[in-house]
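Step one of this worksheet: look at the structure below.
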Amino acid sequence: MTAKYQRMNGSVCSGATDPMRMIWYSSCTFWTDELDILDTSRGVPLCPLCGSPGFQTTAEAWFGGIASHDKDTPGYETFMLTGPGRKNVCNGRGFSTGELWDQHV
Ligand SMILES: [Zn+2]
C-alpha cells in the first residue's frame, strides 16, 4: 500500500475527491484516506501512531454513514470531520470512537 489515494480494488484513484477511494479506519479512532501514511512495516496496514490494525471501506460509505448518523445524533458530523474524531487523529489503542463521542457530549 504505497499510493496516497487508492480504490478498494487496489487501483490508484484521482485523489481526495474520488468517492470510491479507500478509507482506512481503526478502533483507536484513527481514520484516513491518505494510505501512504499507514504503517505497513509488519505486512498489514496499521495505525502509524499506535499500531492498531484496521478496516477498510469506501469514502462514499464512510461519509454517508457519518451523515446518516448525524441525523439521529446531531453534531456527529462536525465531531468526525473537524472535532476530536477528525482524520489522522489517534486517540490510543483500544479507545473507540463511541467512547470518544461519549466524552465529547
Ligand atoms: Zn492509533
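So you can find residues: chains in the C-alpha cells are A, B, ... in the order shown, residues in each start at 1, and ligands are numbered from 1 in order.
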
Next item on the list: Using only C-alpha atoms and all ligand atoms, find each residue with an atom at most 10 Å away from ligand 1 and format the answer as a list in words.
Entry: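 The residues near ligand 1 are Tyr25, Ser26, Ser27, Cys28, Thr29, Phe30, Trp31, Leu38, Leu46, Cys47, Pro48, Leu49, Cys50, Gly51, Ser52, Pro53, Gly54, Asn88, Val89, Cys90, Asn91, Gly92, Arg93, Gly94 and Phe95 of chain A.
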
Checklist line | DSSP-assigned strand (DSSP E) among chain A, expressed as a list of chain:residue names | finding: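 So, restricting chain A to strand (DSSP E), we get A:Met22, A:Ile23, A:Trp24, A:Tyr25, A:Ser26, A:Trp31, A:Thr32, A:Gly54, A:Phe55, A:Gln56, A:Thr57, A:Thr58.
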
Next item on the list: Take atom CA of A:Glu60 and atom CA of A:Pro19 and report the distance between them in Å, one decimal.
Entry: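 Atom-to-atom, atom CA of A:Glu60 to atom CA of A:Pro19, that is 4.9 Å.
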
Closest atom pairs, stretch 37-79 of chain A residues within 10 Å of stretch 98-103 of chain A, only C-alpha atoms, as JSON lines:
```
{"residue": "A:Gly75", "atom": "CA", "partner": "A:Trp101", "partner_atom": "CA", "distance": 9.9}
{"residue": "A:Tyr76", "atom": "CA", "partner": "A:Trp101", "partner_atom": "CA", "distance": 8.0}
{"residue": "A:Phe79", "atom": "CA", "partner": "A:Trp101", "partner_atom": "CA", "distance": 7.9}
```

Store the residues of this selection in a file with C-alpha atoms, as a PDB file, in the first residue's frame.
```
ATOM      1  CA  GLY A  75     -23.148  17.193  15.952  1.00  0.00           C
ATOM      2  CA  TYR A  76     -21.660  13.840  15.000  1.00  0.00           C
ATOM      3  CA  PHE A  79     -17.235  15.799  15.577  1.00  0.00           C
TER       4      PHE A  79
END
```

Check: Can you tell me, as a list of chain:residue names, what residues are no more than 8 Å from A:Ala3 when counting only C-alpha atoms, ignoring any on the same chain fewer than 3 positions away?
Finding: A:Gln6, A:Val12, A:Leu35, A:Asp36

Next item on the list: Provide the atom CA of A:Phe55 to atom CA of A:Met80 distance in Å, to one decimal place.
Entry: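 Between these atoms lies a distance of 16.8 Å.
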
Notebook entry, point to check: Tell me, which residues of stretch 18-64 of chain A carry DSSP alpha helix (DSSP H), written as a ChimeraX atom specification?
Noted result: /A:59-64

Written file, previous selection with N, CA and C atoms, as a PDB file, in the first residue's frame:
```
ATOM      1  N   ALA A  59     -14.944   5.862   0.600  1.00  0.00           N
ATOM      2  CA  ALA A  59     -15.248   7.212   1.092  1.00  0.00           C
ATOM      3  C   ALA A  59     -16.751   7.460   1.027  1.00  0.00           C
ATOM      4  N   GLU A  60     -17.376   6.960  -0.011  1.00  0.00           N
ATOM      5  CA  GLU A  60     -18.825   7.129  -0.162  1.00  0.00           C
ATOM      6  C   GLU A  60     -19.568   6.527   1.032  1.00  0.00           C
ATOM      7  N   ALA A  61     -19.207   5.318   1.420  1.00  0.00           N
ATOM      8  CA  ALA A  61     -19.852   4.666   2.561  1.00  0.00           C
ATOM      9  C   ALA A  61     -19.469   5.346   3.876  1.00  0.00           C
ATOM     10  N   TRP A  62     -18.207   5.738   3.996  1.00  0.00           N
ATOM     11  CA  TRP A  62     -17.723   6.362   5.232  1.00  0.00           C
ATOM     12  C   TRP A  62     -18.456   7.673   5.507  1.00  0.00           C
ATOM     13  N   PHE A  63     -18.413   8.569   4.522  1.00  0.00           N
ATOM     14  CA  PHE A  63     -19.021   9.880   4.740  1.00  0.00           C
ATOM     15  C   PHE A  63     -20.548   9.792   4.746  1.00  0.00           C
ATOM     16  N   GLY A  64     -21.110   8.821   3.993  1.00  0.00           N
ATOM     17  CA  GLY A  64     -22.556   8.600   4.023  1.00  0.00           C
ATOM     18  C   GLY A  64     -22.998   8.114   5.394  1.00  0.00           C
TER      19      GLY A  64
END
```

Notebook entry, point to check: Any idea what the distance is between atom CA of A:Lys4 and atom CA of A:Met20?
Noted result: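 Atom-to-atom, atom CA of A:Lys4 to atom CA of A:Met20, that is 13.7 Å.
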